[in-house]
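Okay, coords.tsv is below, TSV, C-alpha atoms:
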chain	number	residue	atom	x	y	z
L	1	MET	CA	26.53	23.90	-13.18
L	2	SER	CA	23.73	23.77	-10.63
L	3	LEU	CA	19.98	23.56	-10.39
L	4	SER	CA	18.00	26.72	-9.80
L	5	THR	CA	16.62	27.49	-6.36
L	6	GLY	CA	13.20	27.91	-7.88
L	7	ALA	CA	13.36	24.38	-9.27
L	8	GLU	CA	14.19	22.98	-5.85
L	9	GLU	CA	11.36	24.88	-4.22
L	10	GLU	CA	9.01	23.54	-6.87
L	11	ALA	CA	9.88	20.02	-5.79
L	12	VAL	CA	7.93	20.32	-2.59
L	13	THR	CA	5.08	22.68	-3.39
L	14	ARG	CA	1.65	21.29	-2.85
L	15	GLU	CA	0.50	22.11	-6.38
L	16	ASN	CA	0.90	19.26	-8.87
L	17	LYS	CA	2.29	17.12	-6.06
L	18	VAL	CA	2.36	13.37	-6.65
L	19	ARG	CA	2.98	11.44	-3.46
L	20	SER	CA	4.06	7.86	-3.07
L	21	VAL	CA	2.05	5.59	-0.83
L	22	SER	CA	0.95	6.55	2.64
L	23	VAL	CA	1.64	3.07	3.90
L	24	ASP	CA	-0.80	3.06	6.80
L	25	LEU	CA	-3.83	4.53	5.03
L	26	ASN	CA	-5.61	5.18	8.33
L	27	ILE	CA	-4.43	8.68	9.16
L	28	ASP	CA	-6.15	9.74	12.37
L	29	PRO	CA	-7.63	13.27	12.11
L	30	SER	CA	-6.70	13.83	15.77
L	31	LEU	CA	-2.97	13.79	14.81
L	32	GLN	CA	-2.07	14.86	11.28
L	33	ILE	CA	1.58	15.22	10.24
L	34	ASP	CA	2.98	16.29	6.89
L	35	ILE	CA	6.09	17.88	5.39
L	36	PRO	CA	4.78	20.79	3.29
L	37	ASP	CA	8.20	22.26	2.54
L	38	ALA	CA	11.85	21.25	2.34
L	39	LEU	CA	15.03	23.06	1.39
L	40	SER	CA	17.97	21.32	-0.24
L	41	GLU	CA	21.36	22.77	0.62
L	42	LYS	CA	24.81	21.60	-0.40
L	43	ASP	CA	25.24	18.83	2.18
L	44	LYS	CA	21.86	18.63	3.91
L	45	VAL	CA	18.10	18.90	3.55
L	46	LYS	CA	15.96	20.91	5.96
L	47	PHE	CA	12.47	19.48	6.38
L	48	THR	CA	9.57	21.57	7.65
L	49	VAL	CA	7.44	19.23	9.77
L	50	HIS	CA	3.86	20.48	10.22
L	51	THR	CA	1.58	19.00	12.90
L	52	LYS	CA	-2.10	19.53	13.55
L	53	THR	CA	-3.64	17.77	16.54
L	54	THR	CA	-6.48	17.72	19.04
L	55	LEU	CA	-4.76	15.27	21.41
L	56	PRO	CA	-4.34	16.48	25.01
L	57	GLY	CA	-0.70	15.36	25.30
L	58	PHE	CA	0.58	18.25	23.16
L	59	GLN	CA	1.16	21.84	24.22
L	60	GLY	CA	-0.70	23.30	21.24
L	61	THR	CA	-3.03	22.34	18.39
L	62	GLU	CA	-0.90	23.33	15.38
L	63	PHE	CA	2.85	23.88	15.04
L	64	SER	CA	5.76	23.59	12.60
L	65	VAL	CA	9.43	22.80	13.21
L	66	THR	CA	12.52	22.42	11.04
L	67	ARG	CA	14.33	19.09	11.19
L	68	LEU	CA	17.40	17.51	9.57
L	69	HIS	CA	17.80	13.90	8.50
L	70	GLU	CA	19.93	13.20	11.59
L	71	ASP	CA	16.93	14.16	13.74
L	72	PHE	CA	14.85	11.44	12.10
L	73	GLU	CA	17.62	8.91	12.74
L	74	TRP	CA	17.77	10.01	16.38
L	75	LEU	CA	14.03	9.48	16.81
L	76	HIS	CA	14.23	6.03	15.21
L	77	ASP	CA	17.16	4.95	17.42
L	78	ILE	CA	15.39	6.17	20.56
L	79	LEU	CA	12.29	4.11	19.74
L	80	ILE	CA	14.33	1.01	18.91
L	81	GLU	CA	16.25	1.21	22.17
L	82	THR	CA	13.14	1.65	24.36
L	83	GLU	CA	12.57	-1.62	26.22
L	84	GLU	CA	8.81	-1.19	26.60
L	85	TYR	CA	8.48	-1.16	22.79
L	86	ALA	CA	10.15	-4.59	22.49
L	87	GLY	CA	6.94	-6.15	21.16
L	88	LEU	CA	6.19	-3.43	18.60
L	89	ILE	CA	7.14	-2.94	14.97
L	90	ILE	CA	9.23	0.23	14.82
L	91	PRO	CA	9.07	1.87	11.36
L	92	PRO	CA	12.47	1.88	9.62
L	93	ALA	CA	14.37	5.17	9.49
L	94	PRO	CA	14.15	6.95	6.12
L	95	ALA	CA	17.16	6.68	3.83
L	96	LYS	CA	19.74	9.45	3.91
L	97	PRO	CA	19.15	12.07	1.17
L	98	ASP	CA	21.36	11.35	-1.84
L	99	PHE	CA	21.33	13.65	-4.86
L	100	ASP	CA	24.80	12.76	-6.18
L	101	GLY	CA	23.38	10.87	-9.18
L	102	PRO	CA	21.40	13.73	-10.74
L	103	ARG	CA	24.15	16.24	-9.87
L	104	ASP	CA	26.81	14.11	-11.58
L	105	LYS	CA	24.63	13.85	-14.67
L	106	MET	CA	24.19	17.64	-14.71
L	107	HIS	CA	27.95	18.05	-14.48
L	108	LYS	CA	28.53	15.67	-17.39
L	109	LEU	CA	25.84	17.43	-19.41
L	110	GLY	CA	27.66	20.72	-18.87
L	111	GLU	CA	30.89	19.17	-20.13
L	112	GLY	CA	29.16	17.90	-23.29
L	113	GLU	CA	27.30	21.11	-24.04
L	114	LEU	CA	29.44	21.92	-27.11
L	115	SER	CA	28.54	18.61	-28.79
L	116	MET	CA	24.78	19.36	-28.74
L	117	THR	CA	22.48	21.83	-30.37
L	118	LYS	CA	21.23	24.63	-28.14
L	119	GLU	CA	17.69	23.30	-28.20
L	120	GLU	CA	18.78	19.71	-27.48
L	121	PHE	CA	20.94	20.86	-24.55
L	122	ALA	CA	18.06	22.87	-23.07
L	123	LYS	CA	15.71	19.89	-23.22
L	124	MET	CA	18.29	17.51	-21.74
L	125	LYS	CA	18.87	19.97	-18.91
L	126	GLN	CA	15.14	20.19	-18.34
L	127	GLU	CA	14.96	16.39	-18.16
L	128	LEU	CA	17.74	16.18	-15.56
L	129	GLU	CA	16.15	18.91	-13.47
L	130	ALA	CA	12.91	16.91	-13.53
L	131	GLU	CA	14.86	13.81	-12.45
L	132	TYR	CA	16.41	15.76	-9.58
L	133	LEU	CA	13.00	17.00	-8.48
L	134	ALA	CA	11.61	13.45	-8.58
L	135	VAL	CA	14.41	12.24	-6.29
L	136	PHE	CA	13.80	15.21	-4.02
L	137	LYS	CA	10.08	14.45	-3.80
L	138	LYS	CA	10.74	10.82	-2.96
L	139	THR	CA	13.16	11.89	-0.22
L	140	VAL	CA	10.58	14.19	1.34
L	141	SER	CA	7.90	11.52	1.02
L	142	SER	CA	9.97	8.82	2.75
L	143	HIS	CA	10.58	11.10	5.75
L	144	GLU	CA	6.90	12.03	5.88
L	145	ILE	CA	5.84	8.36	5.76
L	146	PHE	CA	8.16	7.56	8.67
L	147	LEU	CA	6.44	10.15	10.87
L	148	GLN	CA	2.96	9.12	9.74
L	149	ARG	CA	3.69	5.49	10.57
L	150	ILE	CA	4.57	6.52	14.12
L	151	SER	CA	1.61	8.89	14.46
L	152	SER	CA	-0.83	6.16	13.39
L	153	HIS	CA	0.46	3.70	16.01
L	154	PRO	CA	-1.63	3.81	19.22
L	155	VAL	CA	1.44	3.35	21.47
L	156	LEU	CA	4.29	5.05	19.60
L	157	ARG	CA	2.26	8.22	19.03
L	158	GLN	CA	2.29	8.81	22.80
L	159	ASP	CA	6.09	8.61	23.09
L	160	HIS	CA	7.61	11.64	24.84
L	161	ASN	CA	10.57	11.88	22.44
L	162	PHE	CA	8.18	11.83	19.49
L	163	HIS	CA	6.33	14.78	20.98
L	164	VAL	CA	9.63	16.61	21.49
L	165	PHE	CA	10.53	15.95	17.85
L	166	LEU	CA	7.22	17.48	16.69
L	167	GLU	CA	6.92	20.38	19.14
L	168	TYR	CA	10.36	21.67	20.15
L	169	ASP	CA	10.81	24.72	17.93
L	170	HIS	CA	14.61	24.90	18.24
L	171	ASP	CA	17.46	22.87	16.86
L	172	LEU	CA	17.53	19.43	18.49
L	173	SER	CA	21.34	19.57	18.28
L	174	VAL	CA	21.51	15.92	17.29
L	175	ARG	CA	25.10	15.23	16.38
L	176	ARG	CA	26.19	12.59	13.94
L	177	LYS	CA	27.49	9.33	15.36
L	178	ASN	CA	31.23	9.29	16.00
L	179	ALA	CA	33.53	6.45	14.97
L	180	LYS	CA	33.18	4.73	18.35
L	181	GLU	CA	29.38	4.76	18.19
L	182	MET	CA	29.36	3.59	14.59
L	183	PHE	CA	31.68	0.73	15.55
L	184	GLY	CA	29.40	-0.03	18.48
L	185	GLY	CA	26.44	-0.27	16.13
L	186	PHE	CA	28.42	-2.53	13.80
L	187	PHE	CA	29.44	-4.71	16.76
L	188	LYS	CA	25.79	-5.03	17.81
L	189	SER	CA	24.83	-6.14	14.32
L	190	VAL	CA	27.61	-8.76	14.37
L	191	VAL	CA	26.42	-10.03	17.76
L	192	LYS	CA	22.85	-10.08	16.48
L	193	SER	CA	23.87	-12.08	13.40
L	194	ALA	CA	25.74	-14.54	15.62
L	195	ASP	CA	22.70	-14.82	17.89
L	196	GLU	CA	20.48	-15.55	14.90
L	197	VAL	CA	22.71	-18.47	13.96
L	198	LEU	CA	22.47	-19.81	17.52
L	199	PHE	CA	18.73	-19.13	17.70
L	200	SER	CA	18.13	-21.00	14.44
L	201	GLY	CA	18.29	-24.18	16.51
L	202	ALA	CA	15.47	-23.01	18.76
L	203	LYS	CA	12.26	-24.92	18.08
L	204	GLU	CA	9.34	-22.62	17.28
L	205	VAL	CA	6.42	-23.30	19.61
L	206	ASP	CA	3.81	-21.27	17.71
L	207	ASP	CA	2.63	-22.25	14.21
L	208	PHE	CA	1.71	-18.62	13.47
L	209	PHE	CA	5.32	-17.41	13.69
L	210	GLU	CA	6.65	-20.44	11.85
L	211	GLN	CA	4.27	-19.73	8.96
L	212	GLU	CA	5.16	-16.03	9.11
L	213	LYS	CA	8.87	-16.75	8.69
L	214	THR	CA	8.16	-19.12	5.77
L	215	PHE	CA	5.93	-16.51	4.14
L	216	LEU	CA	8.58	-13.79	4.45
L	217	VAL	CA	11.11	-15.93	2.57
L	218	THR	CA	8.80	-16.21	-0.44
L	219	TYR	CA	7.55	-12.64	-0.06
L	220	TYR	CA	11.06	-11.18	-0.12
L	221	ASN	CA	12.12	-13.09	-3.25
L	222	ARG	CA	8.99	-12.19	-5.18
L	223	ILE	CA	8.88	-8.55	-4.21
L	224	LYS	CA	12.58	-8.17	-4.98
L	225	ASP	CA	11.99	-9.59	-8.48
L	226	ALA	CA	8.94	-7.36	-8.98
L	227	CYS	CA	10.90	-4.28	-7.89
L	228	ALA	CA	13.72	-5.03	-10.37
L	229	LYS	CA	11.20	-5.43	-13.20
L	230	ALA	CA	9.34	-2.26	-12.21
L	231	ASP	CA	12.62	-0.31	-12.22
L	232	LYS	CA	13.43	-1.73	-15.66
L	233	MET	CA	10.02	-0.66	-16.94
L	234	THR	CA	10.46	2.84	-15.51
L	235	ARG	CA	13.91	3.19	-17.11
L	236	SER	CA	12.49	2.05	-20.46
L	237	HIS	CA	9.89	4.82	-20.41
L	238	LYS	CA	12.61	7.29	-19.43
L	239	ASN	CA	14.83	6.11	-22.31
L	240	VAL	CA	11.93	6.54	-24.75
L	241	ALA	CA	11.44	10.10	-23.49
L	242	ASP	CA	15.16	10.81	-23.98
L	243	ASP	CA	14.97	9.43	-27.53
L	244	TYR	CA	12.05	11.75	-28.23
L	245	ILE	CA	14.30	14.69	-27.30
L	246	HIS	CA	16.85	13.76	-29.96
L	247	THR	CA	14.14	12.98	-32.52
L	248	SER	CA	12.43	16.32	-31.96
L	249	ALA	CA	15.76	18.17	-32.14
L	250	CYS	CA	16.64	16.44	-35.41
L	251	MET	CA	13.27	17.34	-36.90
L	252	ASN	CA	13.77	20.98	-35.93
L	253	SER	CA	17.28	21.03	-37.40
L	254	LEU	CA	16.07	19.40	-40.60
L	255	ALA	CA	13.23	21.94	-40.87
L	256	LEU	CA	15.79	24.76	-41.05
L	257	GLU	CA	17.34	23.19	-44.15
L	258	GLU	CA	14.14	22.38	-46.04
L	259	PRO	CA	11.78	24.47	-48.22
L	260	THR	CA	8.86	26.24	-46.59
L	261	VAL	CA	6.17	23.63	-47.41
L	262	ILE	CA	8.08	20.67	-45.96
L	263	LYS	CA	9.30	22.82	-43.09
L	264	LYS	CA	5.78	23.17	-41.70
L	265	TYR	CA	5.31	19.39	-41.65
L	266	LEU	CA	8.65	18.79	-39.96
L	267	LEU	CA	7.94	21.40	-37.29
L	268	LYS	CA	4.54	19.82	-36.55
L	269	VAL	CA	6.14	16.37	-36.20
L	270	ALA	CA	8.85	17.86	-33.95
L	271	GLU	CA	6.12	19.41	-31.83
L	272	LEU	CA	4.38	16.03	-31.64
L	273	PHE	CA	7.51	14.33	-30.30
L	274	GLU	CA	7.91	17.07	-27.72
L	275	LYS	CA	4.36	16.40	-26.48
L	276	LEU	CA	4.98	12.66	-26.45
L	277	ARG	CA	8.19	13.25	-24.49
L	278	LYS	CA	6.30	15.07	-21.74
L	279	ILE	CA	3.66	12.34	-21.57
L	280	GLU	CA	6.30	9.60	-21.46
L	281	ASN	CA	8.08	11.41	-18.66
L	282	ARG	CA	4.88	11.57	-16.65
L	283	VAL	CA	4.31	7.85	-17.23
L	284	SER	CA	7.83	7.10	-15.98
L	285	SER	CA	7.45	9.35	-12.95
L	286	ASP	CA	4.04	7.99	-11.97
L	287	GLU	CA	5.14	4.37	-12.32
L	288	ASP	CA	8.19	5.11	-10.20
L	289	LEU	CA	6.19	6.79	-7.44
L	290	LYS	CA	3.14	4.55	-7.44
L	291	LEU	CA	4.74	1.15	-8.07
L	292	SER	CA	8.53	1.06	-7.86
L	293	GLU	CA	8.71	3.08	-4.65
L	294	LEU	CA	6.01	0.98	-3.03
L	295	LEU	CA	7.81	-2.25	-3.93
L	296	ARG	CA	11.16	-0.81	-2.86
L	297	TYR	CA	9.72	0.34	0.46
L	298	TYR	CA	8.73	-3.19	1.40
L	299	MET	CA	11.73	-4.83	-0.26
L	300	LEU	CA	14.22	-2.71	1.68
L	301	ASN	CA	12.38	-3.60	4.87
L	302	ILE	CA	13.28	-7.23	4.46
L	303	GLU	CA	16.48	-8.88	5.53
L	304	ALA	CA	17.63	-12.40	4.86
L	305	ALA	CA	19.25	-13.35	8.14
L	306	LYS	CA	20.75	-16.83	7.93
L	307	LYS	CA	17.87	-19.27	8.37
L	308	PHE	CA	15.48	-16.49	9.30
L	309	GLU	CA	13.98	-14.36	6.57
L	310	LEU	CA	12.91	-11.34	8.57
L	311	CYS	CA	11.37	-8.07	7.53
L	312	GLN	CA	13.76	-5.33	8.55
L	313	GLU	CA	11.02	-3.62	10.48
L	314	MET	CA	10.43	-6.93	12.15
L	315	PRO	CA	13.87	-8.38	12.89
L	316	ASP	CA	14.07	-6.33	16.05
L	317	LEU	CA	10.58	-7.54	16.95
L	318	LEU	CA	11.04	-11.21	15.97
L	319	TYR	CA	14.65	-11.22	17.13
L	320	ARG	CA	13.59	-10.04	20.59
L	321	ARG	CA	10.81	-12.62	20.68
L	322	THR	CA	13.16	-15.43	19.64
L	323	ARG	CA	15.67	-14.29	22.21
L	324	ALA	CA	12.91	-14.32	24.84
L	325	LEU	CA	12.02	-17.86	23.74
L	326	VAL	CA	15.65	-19.00	24.12
L	327	ASP	CA	15.87	-17.28	27.53
L	328	TYR	CA	12.68	-19.04	28.59
L	329	GLU	CA	14.02	-22.44	27.50
L	330	ASN	CA	17.30	-21.79	29.29
L	331	SER	CA	15.43	-20.77	32.45
L	332	ASN	CA	13.54	-24.07	32.35
L	333	LYS	CA	16.82	-25.96	32.14
L	334	ALA	CA	18.27	-23.89	34.97
L	335	LEU	CA	15.20	-24.61	37.10
L	336	ASP	CA	15.53	-28.36	36.46
L	337	LYS	CA	19.19	-28.24	37.52
L	338	ALA	CA	18.34	-26.22	40.65
L	339	ARG	CA	15.70	-28.76	41.67
L	340	LEU	CA	18.10	-31.66	41.13
L	341	LYS	CA	20.71	-29.98	43.32
L	342	GLY	CA	18.14	-28.66	45.75
L	343	LYS	CA	19.81	-25.25	45.64
L	344	ASP	CA	18.55	-21.75	44.69
L	345	VAL	CA	15.19	-23.20	43.63
L	346	ARG	CA	13.19	-20.08	44.51
L	347	GLN	CA	15.47	-17.80	42.50
L	348	ALA	CA	15.32	-20.18	39.55
L	349	GLU	CA	11.51	-20.37	39.74
L	350	ALA	CA	11.23	-16.57	39.90
L	351	HIS	CA	13.55	-16.19	36.91
L	352	GLN	CA	11.66	-18.85	34.97
L	353	GLN	CA	8.36	-17.11	35.70
L	354	GLU	CA	9.79	-13.75	34.62
L	355	CYS	CA	11.10	-15.22	31.35
L	356	CYS	CA	7.76	-16.93	30.72
L	357	GLN	CA	5.78	-13.72	31.20
L	358	ARG	CA	8.13	-11.75	28.96
L	359	PHE	CA	7.93	-14.34	26.19
L	360	GLU	CA	4.14	-14.56	26.33
L	361	LYS	CA	3.81	-10.77	26.36
L	362	LEU	CA	6.12	-10.38	23.36
L	363	SER	CA	4.33	-13.19	21.47
L	364	LEU	CA	0.91	-11.61	21.98
L	365	SER	CA	2.12	-8.14	20.97
L	366	ALA	CA	4.12	-9.44	17.98
L	367	LYS	CA	1.14	-11.38	16.65
L	368	GLN	CA	-1.07	-8.27	16.78
L	369	GLU	CA	1.63	-6.13	15.15
L	370	LEU	CA	2.24	-8.59	12.31
L	371	ASN	CA	-1.47	-8.95	11.57
L	372	ASN	CA	-1.93	-5.16	11.52
L	373	PHE	CA	1.12	-4.74	9.30
L	374	LYS	CA	-0.21	-7.33	6.85
L	375	ARG	CA	-3.59	-5.59	6.66
L	376	LYS	CA	-1.99	-2.21	6.03
L	377	ARG	CA	0.41	-3.62	3.46
L	378	ILE	CA	-2.43	-5.16	1.44
L	379	ALA	CA	-4.42	-1.91	1.60
L	380	ALA	CA	-1.35	0.05	0.46
L	381	PHE	CA	-0.80	-2.15	-2.59
L	382	ARG	CA	-4.47	-2.03	-3.50
L	383	LYS	CA	-4.60	1.77	-3.24
L	384	ASN	CA	-1.45	2.38	-5.28
L	385	LEU	CA	-2.24	-0.13	-8.01
L	386	ILE	CA	-5.68	1.43	-8.54
L	387	GLU	CA	-4.20	4.94	-8.68
L	388	MET	CA	-1.44	3.85	-11.07
L	389	THR	CA	-3.94	2.15	-13.38
L	390	GLU	CA	-6.05	5.31	-13.53
L	391	LEU	CA	-2.96	7.36	-14.38
L	392	GLU	CA	-1.88	4.84	-17.06
L	393	ILE	CA	-5.30	5.12	-18.73
L	394	LYS	CA	-5.13	8.92	-18.57
L	395	HIS	CA	-1.65	9.04	-20.16
L	396	ALA	CA	-2.65	6.53	-22.86
L	397	LYS	CA	-5.61	8.72	-23.81
L	398	ASN	CA	-3.32	11.78	-23.96
L	399	ASN	CA	-0.95	9.86	-26.22
L	400	VAL	CA	-3.74	8.92	-28.62
L	401	SER	CA	-5.08	12.48	-28.56
L	402	ALA	CA	-1.65	13.97	-29.42
L	403	LEU	CA	-1.13	11.53	-32.28
L	404	GLN	CA	-4.63	12.06	-33.67
L	405	SER	CA	-4.28	15.85	-33.49
L	406	CYS	CA	-1.00	15.73	-35.40
L	407	ILE	CA	-2.47	13.44	-38.07
L	408	ASP	CA	-5.45	15.78	-38.50
L	409	LEU	CA	-3.12	18.78	-38.86
L	410	LEU	CA	-0.97	17.04	-41.46
L	411	LYS	CA	-4.05	15.99	-43.45
L	412	ASN	CA	-5.35	19.55	-43.55
Would you write out, as structure tokens, the structure that this file holds?
Amino acid sequence: MSLSTGAEEEAVTRENKVRSVSVDLNIDPSLQIDIPDALSEKDKVKFTVHTKTTLPGFQGTEFSVTRLHEDFEWLHDILIETEEYAGLIIPPAPAKPDFDGPRDKMHKLGEGELSMTKEEFAKMKQELEAEYLAVFKKTVSSHEIFLQRISSHPVLRQDHNFHVFLEYDHDLSVRRKNAKEMFGGFFKSVVKSADEVLFSGAKEVDDFFEQEKTFLVTYYNRIKDACAKADKMTRSHKNVADDYIHTSACMNSLALEEPTVIKKYLLKVAELFEKLRKIENRVSSDEDLKLSELLRYYMLNIEAAKKFELCQEMPDLLYRRTRALVDYENSNKALDKARLKGKDVRQAEAHQQECCQRFEKLSLSAKQELNNFKRKRIAAFRKNLIEMTELEIKHAKNNVSALQSCIDLLKN
């Protein structure tokens, strides 16, 4: 049992599209990037990346390319590994597309088809298709946000590899990481974790970064709790919608067994529950996109790393800064030793000066990046909460209208 191709195409059409947050909210008209179309195949998703620009660094003003998820991972890794971006916040790579959940549910629904009425089965199938499309939309949105985060950054937007990603109209031929490379990445993470334990003893010399680390501890715990509660709320609305399916189906079945007069009433009530189901589904979908996804975006970008509580966009930034601080302190010690021994003093002074300049450069850049990120995060929450509130009011009015219309019909 599979979803129709038409349903998948509907997931990414611009009509009736509900997007999750554009986390930067300051899209520059000189470089606009979106993903207007995507195609889900058995084991991959092909994203159509559309770019419109007036910047001189590009070969044209408007172009579209097809990219796979592995291409996005490649771009992210390239940016992370670029030394000159050590003091910048690199947006996290989007999560790998995963549609196993909705597909498994569709498979189980097919197996239980004989235990349901035809109408009930059709509505349940429709619900699962809608769930699949919601997951698909979120997948497309997360990849679009990743590119928009880069395009809105004054430095990252000029990166050569980023331009290649947007302009090169052939397959990038980015292969998946082999076992050796995956192990290498795991080894780096182990080394980084060990470093963080060692660095925890380093005394912070800037109150701004000390306060930032303390804030991130509290921020992570609170946003994690809020995300769990938002998911619970979304599931509750979804469960109510599922209950409306069964209620409507029962009313329809009962209407077939009753006399004509009562039958009309039962059919009207069944119709009411079908309307309420659609409204409840929209409520669930909007809350998921406007609130849960926003909370999850920032929650998943946070990592509790021993005594550091670092945002996952920021560990590479703060980790590099802390490492630079430790290197600077070690260079001071090495210089003191060199002066005591009266040997290799010039080399030690040059190394100490180099470490000092690197640390100060990273500190200045990191402070600017963290302040900008905070401003954008606050704007993102404000925008999404306002939009969600407006949608909640709209759905509540539709609920009241449906109930009132049914009551009026029954009275007459």
Minimum-distance residue to Gln368 in chain L, chosen among L:Ile80, L:Ala334, L:Ile89, L:Ile150 (using only C-alpha atoms): L:Ile89
For the atom pair CA of Phe47 in chain L and CA of Leu294 in chain L, what is the interatomic distance in Å to one decimal place? 21.7 Å
Contact table range 68-117 of chain L vs range 140-143 of chain L, cut-off 9 Å, shortest pair per residue, only C-alpha atoms, as JSON lines:
{"residue": "L:His69", "atom": "CA", "partner": "L:His143", "partner_atom": "CA", "distance": 8.2}
{"residue": "L:Phe72", "atom": "CA", "partner": "L:His143", "partner_atom": "CA", "distance": 7.7}
{"residue": "L:Ala93", "atom": "CA", "partner": "L:His143", "partner_atom": "CA", "distance": 8.0}
{"residue": "L:Pro94", "atom": "CA", "partner": "L:His143", "partner_atom": "CA", "distance": 5.5}
{"residue": "L:Ala95", "atom": "CA", "partner": "L:Ser142", "partner_atom": "CA", "distance": 7.6}
{"residue": "L:Pro97", "atom": "CA", "partner": "L:Val140", "partner_atom": "CA", "distance": 8.8}
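Shortest atom-to-atom contact with Met251 in chain L among L:Tyr132, L:Glu120, L:Arg67, L:Phe359: L:Glu120, counting all atoms listed in the file.
For the residues L:Lys123, L:Lys213, L:Lys268, L:Lys118, ranking by smallest atom-to-atom distance to Leu318 in chain L using all atoms listed in the file places L:Lys213 first.
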Exercise: residues within 12 Å of coordinate (11.7, 23.1, 8.0), counting only C-alpha atoms, as a list of chain:residue names: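 Here the neighbourhood of the point contains L:Val12, L:Asp34, L:Ile35, L:Pro36, L:Asp37, L:Ala38, L:Leu39, L:Ser40, L:Lys44, L:Val45, L:Lys46, L:Phe47, L:Thr48, L:Val49, L:His50, L:Thr51, L:Phe63, L:Ser64, L:Val65, L:Thr66, L:Arg67, L:Leu68, L:His69, L:Asp71, L:Val140, L:Leu166, L:Asp169, L:His170, L:Asp171.
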Quick one: of L:Glu392, L:Glu167, L:Glu274, L:Glu360, who's nearest to Gln59 in chain L, counting all atoms listed in the file?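 Among the listed residues, the smallest separation from Gln59 in chain L belongs to L:Glu167.
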What is the distance, in Å and to one decimal place, between CA of Asp28 in chain L and CA of Arg149 in chain L? 10.9 Å
When you draw a straight line from CA of Leu340 in chain L to CA of Gln352 in chain L, how long is it in Å?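 Going from CA of Leu340 in chain L over to CA of Gln352 in chain L, I get 15.6 Å.
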Nearest to Val155 in chain L, restricted to all atoms listed in the file and choosing among L:Glu287, L:Asp225, L:Asp104, L:Glu84, comes out as L:Glu84
Do a neighbour search on Leu403 in chain L at 12 Å with all atoms listed in the file, toss out local chain neighbours closer than 2 positions, and write the hits as number ranges by chain. L: 268-276, 279, 396-401, 405-410
Is it possible to get the axis-aligned box enclosing range 342-359 of chain L (all listed atoms, 6 Å extra per side) as AutoDock Vina command-line options, with centre and edge lengths in Å rounded to one decimal?
--center_x 12.8 --center_y -20.2 --center_z 36.0 --size_x 26.0 --size_y 28.9 --size_z 31.6
